[in-house]
>>> print(open('model_27.txt').read())   # compact mmCIF, C-alpha atoms and all ligand atoms
# COMPACT_ATOMS: atom_id res chain seq x y z
CA MET A 20 -14.13 -7.83 27.58
CA SER A 21 -11.18 -6.14 29.26
CA PHE A 22 -11.09 -3.56 26.50
CA ALA A 23 -14.71 -2.56 27.27
CA LEU A 24 -13.97 -2.22 30.99
CA TRP A 25 -10.93 -0.14 30.21
CA ASN A 26 -13.01 2.32 28.22
CA VAL A 27 -15.60 2.61 30.96
CA ASP A 28 -13.13 2.97 33.83
CA SER A 29 -10.75 5.47 32.40
CA PRO A 30 -12.33 7.36 29.53
CA ALA A 31 -10.02 10.35 29.89
CA GLU A 32 -6.82 8.37 29.98
CA LEU A 33 -5.43 6.88 26.84
CA PRO A 34 -2.64 4.48 27.79
CA ASP A 35 -2.23 3.62 24.12
CA SER A 36 -1.18 7.15 23.31
CA ASP A 37 1.31 7.13 26.20
CA LEU A 38 2.80 4.06 24.62
CA GLU A 39 2.91 5.84 21.29
CA ILE A 40 5.04 8.58 22.83
CA GLN A 41 7.56 6.05 24.07
CA LYS A 42 7.88 4.27 20.77
CA ILE A 43 10.98 4.76 18.65
CA ASN A 44 10.17 6.42 15.34
CA VAL A 45 11.96 4.72 12.47
CA LEU A 46 11.99 5.47 8.77
CA ALA A 47 12.81 2.39 6.70
CA SER A 48 14.20 3.13 3.26
CA PHE A 49 12.16 0.46 1.44
CA TYR A 50 9.98 -2.63 1.91
CA PRO A 51 12.42 -5.35 3.11
CA ILE A 52 14.00 -2.96 5.61
CA GLU A 53 10.52 -2.05 6.90
CA GLU A 54 9.74 -5.77 7.26
CA PHE A 55 12.95 -6.62 9.15
CA THR A 56 12.62 -3.58 11.44
CA LYS A 57 9.03 -4.51 12.35
CA LYS A 58 10.15 -8.06 13.19
CA VAL A 59 12.81 -6.75 15.59
CA GLY A 60 11.06 -3.66 17.01
CA LYS A 61 7.51 -5.05 17.13
CA ASP A 62 5.28 -2.82 19.32
CA LYS A 63 8.08 -0.67 20.69
CA VAL A 64 8.81 0.87 17.29
CA ASN A 65 6.78 2.92 14.80
CA VAL A 66 8.09 2.00 11.38
CA SER A 67 7.23 4.07 8.31
CA LEU A 68 8.30 3.49 4.75
CA LEU A 69 10.27 6.23 3.06
CA VAL A 70 9.64 4.97 -0.48
CA ASN A 71 5.92 4.56 -1.27
CA PRO A 72 4.94 0.85 -1.24
CA GLY A 73 4.21 0.86 -4.99
CA ALA A 74 7.24 2.90 -6.04
CA GLU A 75 10.34 1.41 -7.66
CA PRO A 76 13.03 1.87 -4.97
CA HIS A 77 16.06 1.67 -7.31
CA ASP A 78 15.43 5.10 -8.85
CA TRP A 79 13.71 6.81 -5.93
CA GLU A 80 14.82 10.28 -4.79
CA PRO A 81 13.54 12.06 -1.65
CA GLN A 82 11.20 15.04 -2.16
CA VAL A 83 10.92 18.03 0.19
CA LYS A 84 8.23 16.28 2.27
CA ASP A 85 10.53 13.27 2.67
CA LEU A 86 13.37 15.47 3.87
CA GLN A 87 11.02 16.80 6.57
CA ARG A 88 10.14 13.25 7.64
CA ILE A 89 13.84 12.39 7.75
CA GLN A 90 14.49 15.43 9.95
CA GLU A 91 11.80 14.42 12.44
CA THR A 92 12.55 10.70 12.82
CA ASP A 93 14.66 9.05 15.55
CA LEU A 94 16.41 6.64 13.21
CA ILE A 95 16.60 6.06 9.49
CA ILE A 96 17.43 2.48 8.56
CA ILE A 97 18.81 1.73 5.10
CA ASN A 98 19.88 -1.33 3.13
CA GLY A 99 23.30 0.12 2.28
CA LEU A 100 25.85 -1.02 -0.36
CA GLY A 101 24.88 1.96 -2.51
CA PHE A 102 21.19 1.07 -2.85
CA GLU A 103 20.11 4.40 -1.33
CA THR A 104 22.06 6.64 -3.70
CA TRP A 105 20.58 9.73 -2.01
CA ILE A 106 21.68 8.98 1.56
CA ASP A 107 24.99 10.90 1.55
CA ASP A 108 23.31 14.10 0.33
CA VAL A 109 20.58 13.76 2.96
CA ALA A 110 23.10 13.14 5.75
CA GLU A 111 25.11 16.15 4.60
CA ILE A 112 22.08 18.47 4.70
CA ASN A 113 20.99 17.16 8.08
CA SER A 114 23.97 16.16 10.22
CA ASP A 115 21.70 15.13 13.12
CA VAL A 116 20.11 12.33 11.15
CA ASN A 117 20.86 8.93 12.67
CA VAL A 118 21.53 6.57 9.74
CA ILE A 119 21.73 2.82 10.37
CA ASP A 120 23.35 0.81 7.55
CA THR A 121 22.11 -2.80 7.70
CA SER A 122 24.84 -4.06 5.34
CA ASN A 123 27.65 -3.66 7.90
CA GLY A 124 29.63 -6.89 8.11
CA ILE A 125 28.36 -8.36 4.83
CA ASP A 126 30.98 -9.19 2.17
CA PRO A 127 29.83 -7.31 -0.93
CA ILE A 128 29.61 -8.81 -4.39
CA TYR A 129 31.14 -6.42 -6.93
CA ILE A 130 29.64 -5.89 -10.36
CA GLU A 131 30.40 -3.74 -13.37
CA SER A 132 28.77 -0.39 -12.62
CA ASP A 133 27.04 -0.12 -16.01
CA TYR A 134 27.14 -3.00 -18.46
CA ARG A 135 26.32 -0.75 -21.41
CA LEU A 136 28.82 1.91 -20.38
CA GLN A 137 31.33 -0.87 -20.04
CA ILE A 138 30.93 -1.73 -23.70
CA SER A 139 30.92 1.81 -25.06
CA ALA A 140 33.38 3.55 -22.76
CA LYS A 141 35.48 0.53 -21.77
CA SER A 142 35.02 1.61 -18.19
CA LYS A 143 36.29 -0.89 -15.65
CA GLU A 144 34.52 0.73 -12.76
CA LEU A 145 33.06 -1.67 -10.22
CA THR A 146 30.19 -1.04 -7.88
CA THR A 147 28.64 -3.07 -5.04
CA ASP A 148 25.57 -5.21 -5.66
CA PRO A 149 22.99 -4.12 -3.05
CA HIS A 150 20.56 -7.10 -3.25
CA ILE A 151 21.46 -8.66 0.12
CA TRP A 152 17.79 -8.86 1.22
CA LEU A 153 17.19 -11.89 -1.04
CA ASN A 154 19.52 -14.29 0.77
CA PRO A 155 18.32 -15.54 4.21
CA ILE A 156 21.93 -15.70 5.46
CA THR A 157 22.78 -12.07 4.65
CA ILE A 158 19.35 -11.02 5.97
CA LYS A 159 20.37 -12.44 9.37
CA THR A 160 23.23 -9.93 9.49
CA GLN A 161 20.85 -7.12 8.51
CA VAL A 162 18.46 -8.18 11.28
CA GLN A 163 21.24 -8.16 13.90
CA ASN A 164 22.40 -4.72 12.74
CA ILE A 165 18.84 -3.45 13.21
CA ALA A 166 18.67 -5.02 16.69
CA ASP A 167 22.02 -3.44 17.65
CA ALA A 168 20.76 -0.01 16.52
CA LEU A 169 17.48 -0.26 18.45
CA ILE A 170 19.37 -1.50 21.55
CA GLU A 171 21.78 1.42 21.35
CA PHE A 172 18.89 3.85 21.09
CA ASP A 173 16.77 2.15 23.77
CA PRO A 174 19.12 0.04 25.97
CA GLN A 175 16.42 -0.63 28.58
CA ASN A 176 14.69 -2.97 26.14
CA LYS A 177 17.84 -4.77 25.04
CA ILE A 178 16.49 -8.26 25.83
CA TYR A 179 13.22 -7.56 24.02
CA TYR A 180 14.91 -6.51 20.77
CA GLN A 181 17.49 -9.30 20.91
CA ASN A 182 14.83 -11.97 21.56
CA ASN A 183 12.78 -10.70 18.61
CA ALA A 184 15.85 -10.70 16.38
CA ASP A 185 16.80 -14.23 17.49
CA ALA A 186 13.27 -15.51 16.79
CA TYR A 187 13.31 -14.03 13.28
CA LYS A 188 16.80 -15.42 12.65
CA LEU A 189 15.44 -18.90 13.49
CA GLU A 190 12.73 -18.41 10.84
CA LEU A 191 15.44 -17.37 8.37
CA ASP A 192 17.48 -20.47 9.28
CA SER A 193 14.43 -22.63 8.54
CA MET A 194 13.96 -20.90 5.19
CA ASP A 195 17.66 -21.38 4.41
CA LYS A 196 17.45 -25.12 5.19
CA LYS A 197 14.30 -25.46 3.11
CA ILE A 198 15.90 -23.75 0.09
CA ARG A 199 19.06 -25.86 0.44
CA ASN A 200 17.15 -29.18 0.78
CA GLU A 201 14.64 -28.53 -2.00
CA LEU A 202 17.11 -27.16 -4.55
CA ALA A 203 19.49 -30.06 -3.84
CA GLN A 204 16.93 -32.29 -5.59
CA CYS A 205 17.21 -30.28 -8.82
CA SER A 206 19.75 -31.16 -11.50
CA LYS A 207 19.91 -27.73 -13.17
CA LYS A 208 21.95 -24.83 -11.74
CA ASP A 209 21.21 -22.07 -14.30
CA PHE A 210 18.21 -19.75 -14.09
CA PHE A 211 17.09 -16.60 -15.94
CA ALA A 212 16.01 -13.84 -13.52
CA PHE A 213 14.62 -10.57 -14.88
CA HIS A 214 17.11 -8.05 -13.46
CA ASP A 215 20.41 -8.77 -11.78
CA ALA A 216 19.01 -9.18 -8.25
CA PHE A 217 19.90 -12.73 -7.20
CA SER A 218 23.70 -12.78 -7.04
CA TYR A 219 23.82 -13.21 -3.24
CA PHE A 220 21.13 -15.89 -3.45
CA ALA A 221 22.88 -17.69 -6.31
CA GLN A 222 26.24 -17.56 -4.53
CA GLU A 223 24.70 -18.96 -1.34
CA TYR A 224 23.02 -21.91 -3.05
CA GLY A 225 25.58 -22.70 -5.75
CA LEU A 226 23.42 -21.51 -8.67
CA ASN A 227 24.24 -19.56 -11.84
CA GLN A 228 22.13 -16.46 -12.37
CA HIS A 229 21.52 -15.18 -15.91
CA THR A 230 19.29 -12.19 -16.57
CA VAL A 231 16.88 -10.81 -19.14
CA LEU A 232 18.27 -7.35 -18.35
CA LYS A 233 22.00 -7.00 -17.95
CA SER A 234 21.50 -4.51 -15.16
CA ILE A 235 21.00 -4.21 -11.42
CA ASP A 236 18.28 -1.66 -12.29
CA PRO A 237 14.94 -3.24 -13.38
CA LEU A 238 13.99 -0.18 -15.42
CA SER A 239 16.85 -0.28 -17.91
CA GLU A 240 16.04 -1.14 -21.55
CA PRO A 241 17.60 -4.12 -23.34
CA SER A 242 18.75 -3.76 -26.96
CA PRO A 243 17.59 -6.30 -29.60
CA GLN A 244 21.13 -7.67 -29.50
CA ASP A 245 20.89 -8.14 -25.71
CA ILE A 246 17.63 -10.05 -26.15
CA GLN A 247 19.10 -12.24 -28.91
CA GLU A 248 22.05 -13.09 -26.63
CA VAL A 249 19.66 -14.18 -23.86
CA ILE A 250 17.65 -16.28 -26.34
CA ASP A 251 20.82 -18.00 -27.58
CA LEU A 252 22.06 -18.73 -24.04
CA ALA A 253 18.65 -19.89 -22.79
CA ARG A 254 18.48 -22.29 -25.75
CA ILE A 255 21.96 -23.69 -25.03
CA LEU A 256 21.08 -24.16 -21.35
CA ASN A 257 17.71 -25.71 -22.20
CA ALA A 258 15.86 -23.25 -19.94
CA ASN A 259 12.20 -24.14 -19.47
CA VAL A 260 11.41 -20.99 -17.45
CA ILE A 261 12.21 -17.32 -18.10
CA PHE A 262 11.40 -15.20 -15.07
CA THR A 263 9.66 -11.87 -14.89
CA GLU A 264 9.04 -9.66 -11.84
CA GLU A 265 6.60 -7.08 -10.46
CA GLY A 266 6.46 -3.62 -11.96
CA VAL A 267 7.99 -4.47 -15.35
CA ASN A 268 6.61 -5.29 -18.80
CA PRO A 269 6.20 -9.12 -18.83
CA LYS A 270 6.45 -9.06 -22.65
CA MET A 271 10.24 -8.77 -22.42
CA SER A 272 10.46 -12.21 -20.78
CA GLN A 273 7.62 -13.56 -22.95
CA VAL A 274 9.46 -12.74 -26.20
CA ILE A 275 12.40 -14.86 -25.06
CA ALA A 276 10.20 -17.66 -23.70
CA ASP A 277 8.23 -17.84 -27.00
CA GLU A 278 11.43 -18.15 -29.03
CA ILE A 279 12.66 -21.17 -27.07
CA GLY A 280 9.29 -22.70 -26.17
CA SER A 281 9.55 -22.11 -22.44
CA LYS A 282 7.18 -20.47 -19.95
CA VAL A 283 7.25 -17.24 -17.93
CA LEU A 284 7.03 -17.31 -14.13
CA MET A 285 7.47 -14.76 -11.36
CA LEU A 286 10.74 -14.48 -9.41
CA SER A 287 10.23 -11.53 -7.12
CA PRO A 288 13.18 -9.36 -6.06
CA LEU A 289 10.92 -8.38 -3.11
CA GLU A 290 11.41 -4.69 -3.78
CA PHE A 291 7.71 -3.73 -3.62
CA GLY A 292 5.66 -3.86 -0.41
CA ASP A 293 2.16 -3.67 -1.88
CA GLU A 294 1.94 -7.24 -3.17
CA ASP A 295 -0.03 -10.16 -1.64
CA GLY A 296 1.62 -12.24 1.07
CA THR A 297 4.23 -11.75 3.77
CA PHE A 298 7.93 -11.47 3.02
CA MET A 299 8.46 -15.15 3.95
CA GLU A 300 5.46 -16.30 1.89
CA ARG A 301 6.81 -14.44 -1.10
CA MET A 302 10.26 -16.00 -0.56
CA ASP A 303 8.53 -19.38 -0.44
CA ASN A 304 6.76 -18.59 -3.72
CA ASN A 305 10.11 -17.76 -5.31
CA LEU A 306 11.39 -21.16 -4.17
CA ILE A 307 8.40 -22.97 -5.72
CA ASN A 308 8.97 -21.19 -9.05
CA LEU A 309 12.74 -21.73 -8.92
CA LYS A 310 12.16 -25.45 -8.44
CA ASP A 311 9.99 -25.38 -11.55
CA ALA A 312 12.94 -23.86 -13.43
CA LEU A 313 15.68 -26.06 -11.95
CA CYS A 314 14.01 -29.43 -11.31
CA ASN A 315 12.36 -29.89 -14.73
ZN ZN B 401 16.94 -4.67 -7.74
>>> encode(input="model_27.txt", output="structure tokens")
Amino acid sequence: MSFALWNVDSPAELPDSDLEIQKINVLASFYPIEEFTKKVGKDKVNVSLLVNPGAEPHDWEPQVKDLQRIQETDLIIINGLGFETWIDDVAEINSDVNVIDTSNGIDPIYIESDYRLQISAKSKELTTDPHIWLNPITIKTQVQNIADALIEFDPQNKIYYQNNADAYKLELDSMDKKIRNELAQCSKKDFFAFHDAFSYFAQEYGLNQHTVLKSIDPLSEPSPQDIQEVIDLARILNANVIFTEEGVNPKMSQVIADEIGSKVLMLSPLEFGDEDGTFMERMDNNLINLKDALCN
């Protein structure tokens, strides 16, 4: 009703477009960062994804058109901890770009930079595990870092951004409690994720993560020997679920599951934005499937 009156009374004025002008333009590096930024910025922020929703963010590199978008945006918000391998080059080319690193204040988990390289070259190089967006507790820090950045850019709306951040942090606290309570009923602690994405989650909830791929990159290829090692370990640990994830060949997990008579379920690293369900619903789904793996 009021919308109709509005159109009749002021056809030449478009208050919506005035609002658009005042909005902060943000580029989010990939899906979880887009999600968290929308929760904090709500209708005062225009959030666009840098990586296409269906693209694998681990191996993404900006193209010329992306560099133009980066140049034109108010803020670019990244996960950090080395996930956006391209960010230093982009910041060097364009010194005006305002980069917000959401990992500030989070204690990193260090991993061997390349498992295979480690074996062949005996390299002892360590790198940081970037998968902080899978643990509700580390997400809370990311959310506050986003709020702080929006407040610094737009201090007039400080209370608005902080209230939104606080409300989302309460949702994350509820999710944390739910995970803690439900997993406490399970006797098993070991699970087989697809790629090495759940270290922060496993550390938070006292679990042991094993992986089909010995890599933080879901697109690496396992050798037959790697697969045999996973089969042997899964058999020893009596695993009744081997997880797969979006965007990979489910056969890799199926081969292992068939060998030990277990089943394949989805444990999403929440790296793609074009799947069904909200971020929280997908986290909830992960919990249901994890319970299947740990409680049976
Ligand atoms: Zn990953």
>>> residues_near_ligand(input="model_27.txt", ligand="ligand ZN 401 (chain B)", cutoff="7 Å", atoms="only C-alpha atoms and all ligand atoms", output="PyMOL selection string")
chain A and resi 77+150+214-216+235-237+288+290
>>> atom_distance(input="model_27.txt", atom1="atom CA of A:Ala47", atom2="atom CA of A:Val66")
6.7 Å
>>> atom_distance(input="model_27.txt", atom1="atom CA of A:Lys197", atom2="atom CA of A:Glu223")
13.0 Å
>>> atom_distance(input="model_27.txt", atom1="atom CA of A:Ile255", atom2="atom CA of A:Lys270")
21.5 Å
>>> residues_around(input="model_27.txt", residues="A:Gln90", least_positions_apart="5", cutoff="9 Å", atoms="only C-alpha atoms", output="PyMOL selection string")
chain A and resi 85+113+115-116
>>> closest_atom_pairs(input="model_27.txt", of="stretch 90-174 of chain A", to="stretch 78-81 of chain A", cutoff="12 Å", atoms="only C-alpha atoms", output="tab-separated table")
residue	atom	partner	partner_atom	distance
A:Gly101	CA	A:Asp78	CA	11.8
A:Phe102	CA	A:Asp78	CA	9.2
A:Glu103	CA	A:Trp79	CA	8.2
A:Thr104	CA	A:Glu80	CA	8.2
A:Trp105	CA	A:Glu80	CA	6.4
A:Ile106	CA	A:Pro81	CA	9.3
A:Asp107	CA	A:Pro81	CA	11.9
A:Asp108	CA	A:Pro81	CA	10.2
A:Val109	CA	A:Pro81	CA	8.6
>>> axis_aligned_box(input="model_27.txt", around="stretch 228-247 of chain A", padding_each_side="4 Å", output="JSON")
{"center_x": 18.1, "center_y": -8.3, "center_z": -20.5, "size_x": 16.1, "size_y": 24.3, "size_z": 26.2}
>>> residues_around(input="model_27.txt", residues="stretch 50-54 of chain A", least_positions_apart="3", cutoff="12 Å", atoms="only C-alpha atoms", output="NGL selection string")
:A and (44-47 or 57-61 or 64-77 or 95-99 or 102-103 or 119-122 or 150-155 or 158 or 161-162 or 164-165 or 187 or 288-294 or 297-299 or 301-302)
>>> write_last_selection(input="model_27.txt", atoms="C-alpha atoms", output="JSON list (two decimals), in the frame of the given file")
[["chain", "number", "residue", "atom", "x", "y", "z"],
["A", 44, "ASN", "CA", 10.17, 6.42, 15.34],
["A", 45, "VAL", "CA", 11.96, 4.72, 12.47],
["A", 46, "LEU", "CA", 11.99, 5.47, 8.77],
["A", 47, "ALA", "CA", 12.81, 2.39, 6.70],
["A", 57, "LYS", "CA", 9.03, -4.51, 12.35],
["A", 58, "LYS", "CA", 10.15, -8.06, 13.19],
["A", 59, "VAL", "CA", 12.81, -6.75, 15.59],
["A", 60, "GLY", "CA", 11.06, -3.66, 17.01],
["A", 61, "LYS", "CA", 7.51, -5.05, 17.13],
["A", 64, "VAL", "CA", 8.81, 0.87, 17.29],
["A", 65, "ASN", "CA", 6.78, 2.92, 14.80],
["A", 66, "VAL", "CA", 8.09, 2.00, 11.38],
["A", 67, "SER", "CA", 7.23, 4.07, 8.31],
["A", 68, "LEU", "CA", 8.30, 3.49, 4.75],
["A", 69, "LEU", "CA", 10.27, 6.23, 3.06],
["A", 70, "VAL", "CA", 9.64, 4.97, -0.48],
["A", 71, "ASN", "CA", 5.92, 4.56, -1.27],
["A", 72, "PRO", "CA", 4.94, 0.85, -1.24],
["A", 73, "GLY", "CA", 4.21, 0.86, -4.99],
["A", 74, "ALA", "CA", 7.24, 2.90, -6.04],
["A", 75, "GLU", "CA", 10.34, 1.41, -7.66],
["A", 76, "PRO", "CA", 13.03, 1.87, -4.97],
["A", 77, "HIS", "CA", 16.06, 1.67, -7.31],
["A", 95, "ILE", "CA", 16.60, 6.06, 9.49],
["A", 96, "ILE", "CA", 17.43, 2.48, 8.56],
["A", 97, "ILE", "CA", 18.81, 1.73, 5.10],
["A", 98, "ASN", "CA", 19.88, -1.33, 3.13],
["A", 99, "GLY", "CA", 23.30, 0.12, 2.28],
["A", 102, "PHE", "CA", 21.19, 1.07, -2.85],
["A", 103, "GLU", "CA", 20.11, 4.40, -1.33],
["A", 119, "ILE", "CA", 21.73, 2.82, 10.37],
["A", 120, "ASP", "CA", 23.35, 0.81, 7.55],
["A", 121, "THR", "CA", 22.11, -2.80, 7.70],
["A", 122, "SER", "CA", 24.84, -4.06, 5.34],
["A", 150, "HIS", "CA", 20.56, -7.10, -3.25],
["A", 151, "ILE", "CA", 21.46, -8.66, 0.12],
["A", 152, "TRP", "CA", 17.79, -8.86, 1.22],
["A", 153, "LEU", "CA", 17.19, -11.89, -1.04],
["A", 154, "ASN", "CA", 19.52, -14.29, 0.77],
["A", 155, "PRO", "CA", 18.32, -15.54, 4.21],
["A", 158, "ILE", "CA", 19.35, -11.02, 5.97],
["A", 161, "GLN", "CA", 20.85, -7.12, 8.51],
["A", 162, "VAL", "CA", 18.46, -8.18, 11.28],
["A", 164, "ASN", "CA", 22.40, -4.72, 12.74],
["A", 165, "ILE", "CA", 18.84, -3.45, 13.21],
["A", 187, "TYR", "CA", 13.31, -14.03, 13.28],
["A", 288, "PRO", "CA", 13.18, -9.36, -6.06],
["A", 289, "LEU", "CA", 10.92, -8.38, -3.11],
["A", 290, "GLU", "CA", 11.41, -4.69, -3.78],
["A", 291, "PHE", "CA", 7.71, -3.73, -3.62],
["A", 292, "GLY", "CA", 5.66, -3.86, -0.41],
["A", 293, "ASP", "CA", 2.16, -3.67, -1.88],
["A", 294, "GLU", "CA", 1.94, -7.24, -3.17],
["A", 297, "THR", "CA", 4.23, -11.75, 3.77],
["A", 298, "PHE", "CA", 7.93, -11.47, 3.02],
["A", 299, "MET", "CA", 8.46, -15.15, 3.95],
["A", 301, "ARG", "CA", 6.81, -14.44, -1.10],
["A", 302, "MET", "CA", 10.26, -16.00, -0.56]]
>>> closest_residue(input="model_27.txt", among="A:Ala184, A:Leu252, A:Leu232, A:Ile156", to="A:Leu169", atoms="all atoms listed in the file")
A:Ala184
>>> closest_residue(input="model_27.txt", among="A:Ala276, A:Val83, A:Val231, A:Met194", to="A:Phe213", atoms="only C-alpha atoms")
A:Val231
>>> closest_residue(input="model_27.txt", among="A:Ile307, A:Ala166, A:Ile275, A:Leu86", to="A:Glu248", atoms="only C-alpha atoms")
A:Ile275
>>> closest_residue(input="model_27.txt", among="A:Ile130, A:Ala186, A:Ile112, A:Val118", to="A:Ser218", atoms="all atoms listed in the file")
A:Ile130
>>> closest_residue(input="model_27.txt", among="A:Ser234, A:Asp303, A:Cys205, A:Tyr179", to="A:Ser193", atoms="only C-alpha atoms")
A:Asp303
>>> closest_residue(input="model_27.txt", among="A:Gln247, A:Asn308, A:Gln222, A:Thr263", to="A:Glu278", atoms="only C-alpha atoms")
A:Gln247
>>> decode(input="model_27.txt", residues="stretch 186-216 of chain A", atoms="C-alpha atoms", output="compact mmCIF listing (two decimals), in the first residue's frame")
# COMPACT_ATOMS: atom_id res chain seq x y z
CA ALA A 186 23.18 -10.37 16.77
CA TYR A 187 25.10 -12.61 14.37
CA LYS A 188 27.61 -13.51 17.09
CA LEU A 189 24.68 -14.69 19.24
CA GLU A 190 23.59 -16.98 16.39
CA LEU A 191 27.16 -18.30 16.18
CA ASP A 192 27.18 -18.88 19.96
CA SER A 193 23.98 -20.92 19.61
CA MET A 194 25.53 -22.96 16.80
CA ASP A 195 28.67 -23.50 18.91
CA LYS A 196 26.59 -24.74 21.87
CA LYS A 197 24.57 -27.02 19.60
CA ILE A 198 27.72 -28.57 18.07
CA ARG A 199 29.29 -29.02 21.52
CA ASN A 200 26.14 -30.61 23.06
CA GLU A 201 25.33 -32.91 20.15
CA LEU A 202 28.88 -34.15 19.53
CA ALA A 203 29.34 -34.78 23.27
CA GLN A 204 26.87 -37.66 22.86
CA CYS A 205 29.13 -39.38 20.30
CA SER A 206 31.79 -41.87 21.35
CA LYS A 207 34.01 -41.53 18.26
CA LYS A 208 36.45 -38.64 17.75
CA ASP A 209 37.94 -39.49 14.33
CA PHE A 210 36.39 -38.45 11.02
CA PHE A 211 37.49 -38.54 7.37
CA ALA A 212 36.93 -35.18 5.63
CA PHE A 213 37.68 -34.82 1.92
CA HIS A 214 40.34 -32.08 1.95
CA ASP A 215 42.16 -30.68 4.94
CA ALA A 216 39.57 -28.00 5.80
